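Shown next: work_23.cif, containing mmCIF, C-alpha atoms and all ligand atoms.
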data_work
#
loop_
_atom_site.label_atom_id
_atom_site.label_comp_id
_atom_site.auth_asym_id
_atom_site.auth_seq_id
_atom_site.Cartn_x
_atom_site.Cartn_y
_atom_site.Cartn_z
CA MET X 273 -15.46 6.41 42.12
CA LEU X 274 -15.29 3.50 39.64
CA THR X 275 -15.24 1.05 42.55
CA VAL X 276 -18.29 2.60 44.25
CA LEU X 277 -20.20 2.49 40.94
CA ALA X 278 -19.18 -1.15 40.40
CA TYR X 279 -20.35 -2.22 43.87
CA ILE X 280 -23.71 -0.41 43.53
CA VAL X 281 -24.28 -1.97 40.09
CA VAL X 282 -23.41 -5.49 41.27
CA ILE X 283 -25.65 -5.17 44.35
CA ILE X 284 -28.63 -3.95 42.26
CA PHE X 285 -28.04 -6.81 39.82
CA LEU X 286 -27.71 -9.57 42.43
CA VAL X 287 -30.56 -8.41 44.71
CA GLY X 288 -32.82 -7.76 41.69
CA PHE X 289 -31.99 -11.07 39.99
CA LEU X 290 -32.39 -13.19 43.12
CA SER X 291 -35.63 -11.51 44.22
CA ARG X 292 -37.14 -12.11 40.78
CA LEU X 293 -36.16 -15.79 41.05
CA VAL X 294 -37.88 -15.98 44.46
CA ILE X 295 -41.05 -14.49 42.90
CA TYR X 296 -40.90 -17.05 40.06
CA ALA X 297 -40.32 -19.94 42.51
CA ARG X 298 -43.28 -18.89 44.68
CA SER X 299 -45.72 -18.47 41.77
CA PRO X 300 -48.20 -21.37 41.87
CA ALA X 301 -48.68 -23.55 38.79
CA PRO X 302 -52.35 -24.54 39.19
CA LEU X 303 -52.56 -26.70 36.07
CA LYS X 304 -50.57 -29.40 34.30
CA ILE X 305 -49.54 -27.52 31.19
CA ALA X 306 -46.32 -29.20 30.00
CA THR X 307 -46.00 -28.62 26.26
CA THR X 308 -46.30 -32.07 24.70
CA PRO X 309 -44.62 -34.26 23.65
CA ALA X 310 -43.13 -33.84 27.13
CA PRO X 311 -40.87 -36.01 29.29
CA THR X 312 -42.58 -38.45 31.64
CA THR X 313 -39.79 -38.52 34.26
CA ARG X 314 -37.86 -35.90 36.32
CA LEU X 315 -34.62 -36.88 34.58
CA GLY X 316 -36.33 -36.33 31.25
CA VAL X 317 -37.29 -32.81 32.36
CA VAL X 318 -33.67 -32.07 33.32
CA TRP X 319 -32.59 -33.23 29.85
CA ARG X 320 -35.31 -31.12 28.23
CA LEU X 321 -34.09 -28.01 30.06
CA VAL X 322 -30.39 -28.71 29.35
CA THR X 323 -31.02 -29.10 25.61
CA GLU X 324 -33.31 -26.05 25.68
CA VAL X 325 -30.48 -23.97 27.19
CA ILE X 326 -27.85 -25.27 24.75
CA PHE X 327 -29.84 -25.56 21.49
CA PHE X 328 -32.96 -23.35 22.03
CA ASN X 329 -35.24 -26.22 20.88
CA SER X 330 -38.58 -24.43 21.26
CA LEU X 331 -37.34 -21.34 19.46
CA PHE X 332 -36.21 -23.57 16.60
CA LYS X 333 -39.76 -24.89 16.26
CA GLY X 334 -41.26 -21.40 16.44
CA ASP X 335 -38.99 -19.05 14.49
CA LYS X 336 -35.96 -20.17 12.48
CA LEU X 337 -34.49 -16.66 12.00
CA ALA X 338 -34.76 -15.74 15.69
CA TRP X 339 -33.27 -19.15 16.51
CA ALA X 340 -30.26 -18.71 14.20
CA GLY X 341 -29.53 -15.15 15.39
CA GLY X 342 -30.21 -15.98 19.04
CA LEU X 343 -28.01 -19.07 19.06
CA ALA X 344 -25.13 -17.22 17.32
CA PHE X 345 -25.42 -14.29 19.76
CA HIS X 346 -25.58 -16.37 22.96
CA GLY X 347 -22.84 -18.78 21.82
CA ALA X 348 -20.51 -15.89 20.96
CA LEU X 349 -21.42 -14.11 24.21
CA ALA X 350 -20.37 -17.18 26.21
CA VAL X 351 -16.94 -17.27 24.50
CA VAL X 352 -16.46 -13.49 24.89
CA LEU X 353 -17.32 -13.63 28.59
CA ILE X 354 -14.97 -16.58 29.21
CA ARG X 355 -12.21 -14.55 27.55
CA HIS X 356 -13.07 -11.60 29.82
CA ILE X 357 -12.13 -13.61 32.93
CA ARG X 358 -8.51 -12.67 32.23
CA TYR X 359 -9.22 -9.07 33.26
CA PHE X 360 -10.24 -10.18 36.74
CA VAL X 361 -7.77 -12.94 37.70
CA ASP X 362 -4.04 -12.89 38.25
CA PRO X 363 -2.10 -14.96 37.23
CA VAL X 364 -4.06 -15.78 34.05
CA PRO X 365 -4.36 -19.59 33.52
CA ALA X 366 -2.37 -20.95 30.51
CA PHE X 367 -5.45 -22.05 28.51
CA PHE X 368 -6.44 -18.38 28.06
CA GLY X 369 -3.57 -17.99 25.53
CA PRO X 370 -5.21 -19.75 22.53
CA LEU X 371 -8.59 -18.37 23.59
CA GLN X 372 -7.60 -14.78 22.76
CA ILE X 373 -8.05 -14.94 19.00
CA ILE X 374 -11.17 -17.15 19.32
CA GLY X 375 -12.59 -14.50 21.68
CA ILE X 376 -12.04 -11.70 19.16
CA VAL X 377 -13.70 -13.74 16.37
CA ALA X 378 -16.58 -14.41 18.79
CA GLY X 379 -16.86 -10.64 19.36
CA VAL X 380 -17.30 -10.11 15.60
CA VAL X 381 -19.87 -12.95 15.42
CA MET X 382 -21.71 -11.41 18.38
CA ALA X 383 -21.97 -7.99 16.72
CA GLY X 384 -23.05 -9.64 13.42
CA ALA X 385 -25.75 -11.70 15.15
CA LEU X 386 -27.08 -8.60 16.96
CA GLY X 387 -27.19 -6.69 13.66
CA PHE X 388 -29.08 -9.61 12.10
CA LEU X 389 -31.60 -9.70 14.97
CA LEU X 390 -32.10 -5.94 14.66
CA LEU X 391 -32.71 -6.20 10.90
CA ARG X 392 -35.18 -9.03 11.55
CA ARG X 393 -37.24 -6.72 13.76
CA LEU X 394 -37.00 -3.83 11.29
CA LEU X 395 -37.63 -5.68 8.02
CA ILE X 396 -40.20 -8.37 8.82
CA ASP X 397 -43.57 -6.62 9.18
CA ARG X 398 -45.13 -9.22 11.46
CA VAL X 399 -42.13 -9.04 13.87
CA LYS X 400 -41.98 -5.24 13.64
CA TYR X 401 -45.64 -5.03 14.63
CA ILE X 402 -45.09 -6.83 17.94
CA SER X 403 -41.73 -5.16 18.75
CA SER X 404 -41.70 -2.68 21.61
CA PRO X 405 -39.15 0.16 22.04
CA ALA X 406 -37.46 -1.95 24.75
CA ASP X 407 -36.84 -4.77 22.24
CA TYR X 408 -34.85 -2.35 20.07
CA LEU X 409 -33.17 -0.74 23.05
CA PHE X 410 -31.63 -4.01 24.26
CA LEU X 411 -30.31 -4.87 20.82
CA ILE X 412 -28.83 -1.38 20.43
CA LEU X 413 -27.32 -1.45 23.94
CA LEU X 414 -25.71 -4.85 23.31
CA LEU X 415 -24.49 -3.66 19.91
CA ALA X 416 -22.93 -0.61 21.57
CA ILE X 417 -21.17 -2.85 24.14
CA ALA X 418 -19.86 -5.17 21.42
CA GLY X 419 -18.95 -2.17 19.22
CA THR X 420 -16.90 -0.40 21.92
CA GLY X 421 -15.23 -3.76 22.74
CA LEU X 422 -14.30 -4.39 19.12
CA LEU X 423 -13.09 -0.79 18.65
CA MET X 424 -10.66 -1.48 21.51
CA ASP X 425 -9.47 -4.65 19.74
CA PHE X 426 -9.07 -3.16 16.27
CA ALA X 427 -8.62 0.62 16.49
CA LEU X 428 -8.20 2.39 19.83
CA ARG X 429 -5.98 0.12 21.92
CA PRO X 430 -6.49 0.79 25.63
CA ASN X 431 -3.82 0.32 28.31
CA ILE X 432 -4.81 -3.23 29.30
CA VAL X 433 -2.19 -3.38 32.07
CA ALA X 434 -3.57 -0.21 33.68
CA ILE X 435 -7.16 -1.44 33.18
CA LYS X 436 -6.38 -4.74 34.86
CA ALA X 437 -4.63 -3.00 37.77
CA ASN X 438 -7.73 -0.82 38.25
CA LEU X 439 -10.12 -3.77 38.01
CA MET X 440 -8.09 -5.93 40.41
CA ALA X 441 -8.02 -3.00 42.86
CA MET X 442 -11.81 -3.21 43.10
CA TRP X 443 -11.55 -6.13 45.51
CA SER X 444 -8.31 -5.22 47.26
CA SER X 445 -7.03 -2.13 49.03
CA VAL X 446 -4.34 -1.21 46.47
CA THR X 447 -3.79 2.52 45.96
CA GLY X 448 -1.73 4.66 43.55
CA LEU X 449 -3.35 3.15 40.45
CA PRO X 450 -2.18 3.90 36.88
CA PRO X 451 -4.45 6.51 35.23
CA LEU X 452 -6.84 5.63 32.37
CA ASN X 453 -6.65 8.65 30.08
CA SER X 454 -5.78 7.65 26.49
CA ALA X 455 -8.47 7.54 23.76
CA GLY X 456 -8.53 3.72 24.08
CA ASP X 457 -8.97 4.01 27.86
CA VAL X 458 -11.92 6.37 27.35
CA MET X 459 -13.42 3.75 25.00
CA PHE X 460 -12.96 1.21 27.81
CA LEU X 461 -14.72 3.49 30.32
CA LEU X 462 -17.60 3.87 27.85
CA HIS X 463 -17.70 0.06 27.43
CA LEU X 464 -17.84 -0.29 31.22
CA LEU X 465 -20.56 2.34 31.60
CA LEU X 466 -22.74 0.60 28.99
CA VAL X 467 -22.20 -2.73 30.78
CA ALA X 468 -23.24 -1.02 34.04
CA VAL X 469 -26.49 0.16 32.37
CA LEU X 470 -27.10 -3.39 31.11
CA PHE X 471 -26.58 -4.89 34.58
CA VAL X 472 -28.87 -2.36 36.28
CA ILE X 473 -31.81 -2.89 33.91
CA PHE X 474 -31.29 -6.66 33.62
CA PRO X 475 -33.43 -7.79 36.61
CA PHE X 476 -36.31 -5.51 35.58
CA SER X 477 -36.46 -6.54 31.97
CA LYS X 478 -37.08 -9.39 29.54
CA LEU X 479 -33.42 -10.32 29.97
CA MET X 480 -34.65 -12.23 33.04
CA HIS X 481 -35.51 -15.04 30.63
CA ALA X 482 -32.01 -16.18 31.60
CA GLY X 483 -33.37 -17.31 34.98
CA GLY X 484 -37.08 -17.50 34.18
CA LEU X 485 -36.66 -20.33 31.68
CA PHE X 486 -36.14 -22.82 34.52
CA PHE X 487 -39.42 -21.85 36.19
CA SER X 488 -41.61 -22.15 33.10
CA PRO X 489 -44.36 -24.76 33.83
CA THR X 490 -44.69 -25.61 30.14
CA ARG X 491 -41.06 -26.74 30.20
CA ASN X 492 -40.36 -27.94 33.75
CA GLN X 493 -43.40 -30.13 34.41
CA VAL X 494 -43.35 -33.91 34.16
CA ASP X 495 -46.07 -35.26 31.86
CA ASN X 496 -47.60 -37.70 34.38
CA PRO X 497 -51.16 -36.54 35.16
CA ARG X 498 -52.49 -40.11 35.03
CA GLU X 499 -49.89 -41.56 37.39
CA GLN X 500 -49.80 -38.70 39.89
CA LYS X 501 -52.57 -36.31 40.88
CA HIS X 502 -51.62 -32.68 40.23
CA VAL X 503 -52.78 -30.63 43.20
CA ASN X 504 -53.72 -27.03 42.52
CA PRO X 505 -51.90 -25.06 45.24
CA TRP X 506 -54.87 -22.65 45.40
CA ALA X 507 -57.30 -25.47 46.15
CA GLU X 508 -56.20 -26.00 49.77
CA PRO X 509 -58.96 -27.58 51.87
C1 LIG M 601 -17.10 -5.54 33.93
C2 LIG M 601 -17.30 -6.03 32.76
C3 LIG M 601 -16.44 -5.85 31.53
C4 LIG M 601 -15.14 -5.40 31.37
C5 LIG M 601 -14.18 -4.94 32.45
C6 LIG M 601 -14.83 -5.45 29.95
C7 LIG M 601 -13.62 -5.10 29.36
C8 LIG M 601 -13.28 -5.25 28.03
C9 LIG M 601 -12.02 -4.91 27.44
C10 LIG M 601 -10.84 -4.29 28.18
C11 LIG M 601 -12.07 -5.23 26.12
C12 LIG M 601 -10.96 -5.04 25.07
C13 LIG M 601 -10.27 -6.35 24.82
C14 LIG M 601 -8.82 -6.25 24.51
O1 LIG M 601 -8.41 -5.31 23.85
O2 LIG M 601 -8.12 -7.16 24.94
C15 LIG M 601 -13.38 -5.80 25.86
C16 LIG M 601 -13.82 -6.29 24.65
C17 LIG M 601 -15.09 -6.76 24.41
N1 LIG M 601 -16.13 -6.82 25.31
FE1 LIG M 601 -16.03 -6.34 27.29
N2 LIG M 601 -15.93 -5.92 29.29
C18 LIG M 601 -16.93 -6.19 30.21
C19 LIG M 601 -18.19 -6.71 29.97
C20 LIG M 601 -18.67 -7.08 28.74
C21 LIG M 601 -20.00 -7.61 28.48
C22 LIG M 601 -21.08 -7.87 29.56
C23 LIG M 601 -20.08 -7.84 27.15
C24 LIG M 601 -21.22 -8.37 26.33
C25 LIG M 601 -22.48 -8.21 26.61
C26 LIG M 601 -18.80 -7.47 26.55
C27 LIG M 601 -18.48 -7.57 25.21
C28 LIG M 601 -17.24 -7.34 24.67
C29 LIG M 601 -16.89 -7.63 23.29
C30 LIG M 601 -17.83 -8.23 22.24
C31 LIG M 601 -15.56 -7.29 23.12
C32 LIG M 601 -14.71 -7.45 21.83
C33 LIG M 601 -14.22 -8.87 21.71
C34 LIG M 601 -13.19 -9.23 22.77
O3 LIG M 601 -12.16 -8.54 22.85
O4 LIG M 601 -13.44 -10.19 23.53
N3 LIG M 601 -17.97 -6.99 27.54
N4 LIG M 601 -14.09 -5.79 27.06
#
Just dump the structure as structure tokens.
Amino acid sequence: MLTVLAYIVVIIFLVGFLSRLVIYARSPAPLKIATTPAPTTRLGVVWRLVTEVIFFNSLFKGDKLAWAGGLAFHGALAVVLIRHIRYFVDPVPAFFGPLQIIGIVAGVVMAGALGFLLLRRLLIDRVKYISSPADYLFLILLLAIAGTGLLMDFALRPNIVAIKANLMAMWSSVTGLPPLNSAGDVMFLLHLLLVAVLFVIFPFSKLMHAGGLFFSPTRNQVDNPREQKHVNPWAEP
């Protein structure tokens, strides 16, 4: 049951994500619209995108509060997800040992950053005005995922050994799995269900900025209109 759900969710996510990327890649960029000052070489564009992904440069210029909350959330998310690898691999590599406590701290930072981003939408009139229900929904969904995760860390301990056996069984043919029935295990199943919801809506939502960023003409174009003629793909002879 859990395995069937996991496979359906992963297929929806992968097919949805990749087909959106194909749509982005095929969309013509008729004009040179790199936001200046922009790099004048391909290598410069690669550097621009790398620093954009790591430091959120444009967001910093546009909105300092969104930048601070966004950077804290995504940084913590990266650490939390790296720590999660231990649930899916066996044996667990040695460097995961010291990462455990850092991962839990990152979980707290992640929940804090999401709370901050939610308050920003609720308390700043100008941001509230342009916020749609979906904007709140994603923050609340992510908060619920982080909240159920942290509850497992601090209050309702689940049976991690049984959880791992069940997760590993998803890509093997092991049977006779340990049951997940304590209060902590139920919290885990809730965590997993919320993650499944997140994965299913991901390709159809603004979360696609994760892939879309690389296809944005204002960021990925080389600023060389004088050296090289930009041909509008719609203007075929
Ligand atoms: C299939 C995917 C996932 C599984 C199986 C899973 C499983 C778990 C488990 C078992 C814990 C408890 C940690 C412990 O007690 O050792 C946990 C914690 C947590 N999870 Fe997940 N999780 C998944 C996906 C996610 C995602 C996508 C996010 C974020 C968007 C997330 C955020 C967290 C956070 C913030 C914590 C608390 C901090 C930590 O222990 O790392 N999880 N998760």
Using all atoms listed in the file, find each residue in chain X having at least one atom no more than 9 Å away from ligand LIG 601 (chain M); report its shortest atom-to-atom pair and that distance in Å (one decimal), rows by chain then rising number, as a tab-separated table.
residue	atom	partner	partner_atom	distance
X:Ala278	CA	M:LIG601	C1	8.1
X:Ala348	CA	M:LIG601	C30	8.2
X:Leu349	CA	M:LIG601	C24	6.1
X:Ala350	CA	M:LIG601	C24	8.9
X:Val351	CA	M:LIG601	O4	8.0
X:Val352	CA	M:LIG601	O4	4.7
X:Leu353	CA	M:LIG601	C23	6.6
X:Ile354	CA	M:LIG601	O4	8.7
X:Arg355	CA	M:LIG601	O4	6.1
X:His356	CA	M:LIG601	N2	6.4
X:Ile357	CA	M:LIG601	C4	8.9
X:Tyr359	CA	M:LIG601	C5	6.5
X:Phe360	CA	M:LIG601	C5	7.8
X:Gln372	CA	M:LIG601	O4	7.5
X:Ile373	CA	M:LIG601	O4	8.5
X:Ile374	CA	M:LIG601	O4	8.4
X:Gly375	CA	M:LIG601	O4	4.8
X:Ile376	CA	M:LIG601	C33	4.4
X:Val377	CA	M:LIG601	C33	7.2
X:Ala378	CA	M:LIG601	C33	6.7
X:Gly379	CA	M:LIG601	C30	3.9
X:Val380	CA	M:LIG601	C30	6.9
X:Val381	CA	M:LIG601	C30	8.5
X:Met382	CA	M:LIG601	C30	6.3
X:Ala383	CA	M:LIG601	C30	6.9
X:Leu413	CA	M:LIG601	C25	8.7
X:Leu414	CA	M:LIG601	C25	5.7
X:Leu415	CA	M:LIG601	C25	8.3
X:Ile417	CA	M:LIG601	C27	5.5
X:Ala418	CA	M:LIG601	C30	3.8
X:Gly419	CA	M:LIG601	C30	6.9
X:Thr420	CA	M:LIG601	C17	7.1
X:Gly421	CA	M:LIG601	C17	3.4
X:Leu422	CA	M:LIG601	C32	4.1
X:Leu423	CA	M:LIG601	C32	7.6
X:Met424	CA	M:LIG601	O1	5.0
X:Asp425	CA	M:LIG601	O1	4.3
X:Phe426	CA	M:LIG601	O1	7.9
X:Leu428	CA	M:LIG601	O1	8.7
X:Arg429	CA	M:LIG601	O1	6.3
X:Pro430	CA	M:LIG601	O1	6.6
X:Asn431	CA	M:LIG601	C10	8.4
X:Ile432	CA	M:LIG601	C10	6.2
X:Ile435	CA	M:LIG601	C10	6.8
X:Lys436	CA	M:LIG601	C10	8.0
X:Leu439	CA	M:LIG601	C5	7.0
X:Asp457	CA	M:LIG601	C10	8.5
X:Phe460	CA	M:LIG601	C10	5.9
X:Leu461	CA	M:LIG601	C5	8.7
X:His463	CA	M:LIG601	N2	6.5
X:Leu464	CA	M:LIG601	C3	5.7
X:Leu465	CA	M:LIG601	C1	8.9
X:Leu466	CA	M:LIG601	C22	8.6
X:Val467	CA	M:LIG601	C22	5.4
X:Ala468	CA	M:LIG601	C1	7.6
X:Leu470	CA	M:LIG601	C22	7.7
X:Phe471	CA	M:LIG601	C22	8.0
Let me see the file: selected residues, C-alpha atoms, as a compact mmCIF listing (two decimals), in the frame of the given file.
# COMPACT_ATOMS: atom_id res chain seq x y z
CA ALA X 278 -19.18 -1.15 40.40
CA ALA X 348 -20.51 -15.89 20.96
CA LEU X 349 -21.42 -14.11 24.21
CA ALA X 350 -20.37 -17.18 26.21
CA VAL X 351 -16.94 -17.27 24.50
CA VAL X 352 -16.46 -13.49 24.89
CA LEU X 353 -17.32 -13.63 28.59
CA ILE X 354 -14.97 -16.58 29.21
CA ARG X 355 -12.21 -14.55 27.55
CA HIS X 356 -13.07 -11.60 29.82
CA ILE X 357 -12.13 -13.61 32.93
CA TYR X 359 -9.22 -9.07 33.26
CA PHE X 360 -10.24 -10.18 36.74
CA GLN X 372 -7.60 -14.78 22.76
CA ILE X 373 -8.05 -14.94 19.00
CA ILE X 374 -11.17 -17.15 19.32
CA GLY X 375 -12.59 -14.50 21.68
CA ILE X 376 -12.04 -11.70 19.16
CA VAL X 377 -13.70 -13.74 16.37
CA ALA X 378 -16.58 -14.41 18.79
CA GLY X 379 -16.86 -10.64 19.36
CA VAL X 380 -17.30 -10.11 15.60
CA VAL X 381 -19.87 -12.95 15.42
CA MET X 382 -21.71 -11.41 18.38
CA ALA X 383 -21.97 -7.99 16.72
CA LEU X 413 -27.32 -1.45 23.94
CA LEU X 414 -25.71 -4.85 23.31
CA LEU X 415 -24.49 -3.66 19.91
CA ILE X 417 -21.17 -2.85 24.14
CA ALA X 418 -19.86 -5.17 21.42
CA GLY X 419 -18.95 -2.17 19.22
CA THR X 420 -16.90 -0.40 21.92
CA GLY X 421 -15.23 -3.76 22.74
CA LEU X 422 -14.30 -4.39 19.12
CA LEU X 423 -13.09 -0.79 18.65
CA MET X 424 -10.66 -1.48 21.51
CA ASP X 425 -9.47 -4.65 19.74
CA PHE X 426 -9.07 -3.16 16.27
CA LEU X 428 -8.20 2.39 19.83
CA ARG X 429 -5.98 0.12 21.92
CA PRO X 430 -6.49 0.79 25.63
CA ASN X 431 -3.82 0.32 28.31
CA ILE X 432 -4.81 -3.23 29.30
CA ILE X 435 -7.16 -1.44 33.18
CA LYS X 436 -6.38 -4.74 34.86
CA LEU X 439 -10.12 -3.77 38.01
CA ASP X 457 -8.97 4.01 27.86
CA PHE X 460 -12.96 1.21 27.81
CA LEU X 461 -14.72 3.49 30.32
CA HIS X 463 -17.70 0.06 27.43
CA LEU X 464 -17.84 -0.29 31.22
CA LEU X 465 -20.56 2.34 31.60
CA LEU X 466 -22.74 0.60 28.99
CA VAL X 467 -22.20 -2.73 30.78
CA ALA X 468 -23.24 -1.02 34.04
CA LEU X 470 -27.10 -3.39 31.11
CA PHE X 471 -26.58 -4.89 34.58
Self-check item: Selected residue, from X:Val494, X:Ala344, X:Ala385, X:Leu274, that lies nearest to Leu452 of chain X when counting only C-alpha atoms
Solution: X:Leu274
Quiz item: Taking all atoms listed in the file into account, which of X:Leu277, X:Leu286, X:Leu315, X:Leu321 comes nearest Arg491 of chain X?
Solution: X:Leu321
Would you list the contacts of Lys400 of chain X as a PDB file with C-alpha atoms, in the coordinates of the input, taking every protein, DNA or RNA residue within 10 Å and counting only C-alpha atoms, but skipping same-chain residues closer than 5 positions in sequence?
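selection.pdb written:
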ATOM      1  CA  LEU X 390     -32.100  -5.940  14.660  1.00  0.00           C
ATOM      2  CA  LEU X 391     -32.710  -6.200  10.900  1.00  0.00           C
ATOM      3  CA  ARG X 392     -35.180  -9.030  11.550  1.00  0.00           C
ATOM      4  CA  ARG X 393     -37.240  -6.720  13.760  1.00  0.00           C
ATOM      5  CA  LEU X 394     -37.000  -3.830  11.290  1.00  0.00           C
ATOM      6  CA  LEU X 395     -37.630  -5.680   8.020  1.00  0.00           C
TER       7      LEU X 395
END
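At a cut-off of 9 Å from (-47.8, -24.7, 37.3), the residue set is Ser299, Pro300, Ala301, Pro302, Leu303, Lys304, Ile305, Ala306, Phe487, Ser488, Pro489, Thr490, Asn492, Gln493, Asn504 and Pro505 of chain X (counting only C-alpha atoms).
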Quiz prompt | Residue nearest Thr275 of chain X - candidates X:Trp506, X:Tyr296, X:Phe476, X:Trp443, atoms counted: only C-alpha atoms | solution =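 Of X:Trp506, X:Tyr296, X:Phe476, X:Trp443, the one nearest Thr275 of chain X is X:Trp443, counting only C-alpha atoms.
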Practice problem: Give me, please, the distance in Å between atom CA of Tyr408 of chain X and atom CA of Glu324 of chain X, quoted to one decimal. | Solution: 24.4 Å
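Proximity to Gln500 of chain X was assessed for X:Thr313, X:Leu331, X:Met440, X:Arg358 counting all atoms listed in the file; the smallest distance is recorded for X:Thr313.
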Exercise. One decimal, Å: what's the distance from atom CA of Gly341 of chain X over to atom CA of Leu389 of chain X, could you say?
Key: 5.8 Å
Self-check item: Cut-off 10 Å around (-32.0, -15.5, 22.2) with only C-alpha atoms: residues as a PyMOL selection string
Solution: chain X and resi 325+328+331+338-347+386+389+479+481-482
Exercise. Measure the distance from atom CA of Phe332 of chain X to atom CA of Ser404 of chain X in Å and round it to one decimal.
Key: 22.2 Å
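With only C-alpha atoms as the atoms that count, the minimum distance from Phe285 of chain X to the choices X:Leu337, X:Ile326, X:Ala507, X:Val469 is reached by X:Val469.
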Self-check item: Pick from X:Leu485, X:Ala434, X:Leu409, X:Pro497 nearest to Arg320 of chain X, counting only C-alpha atoms
Solution: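 The shortest atom-to-atom distance to Arg320 of chain X comes from X:Leu485.
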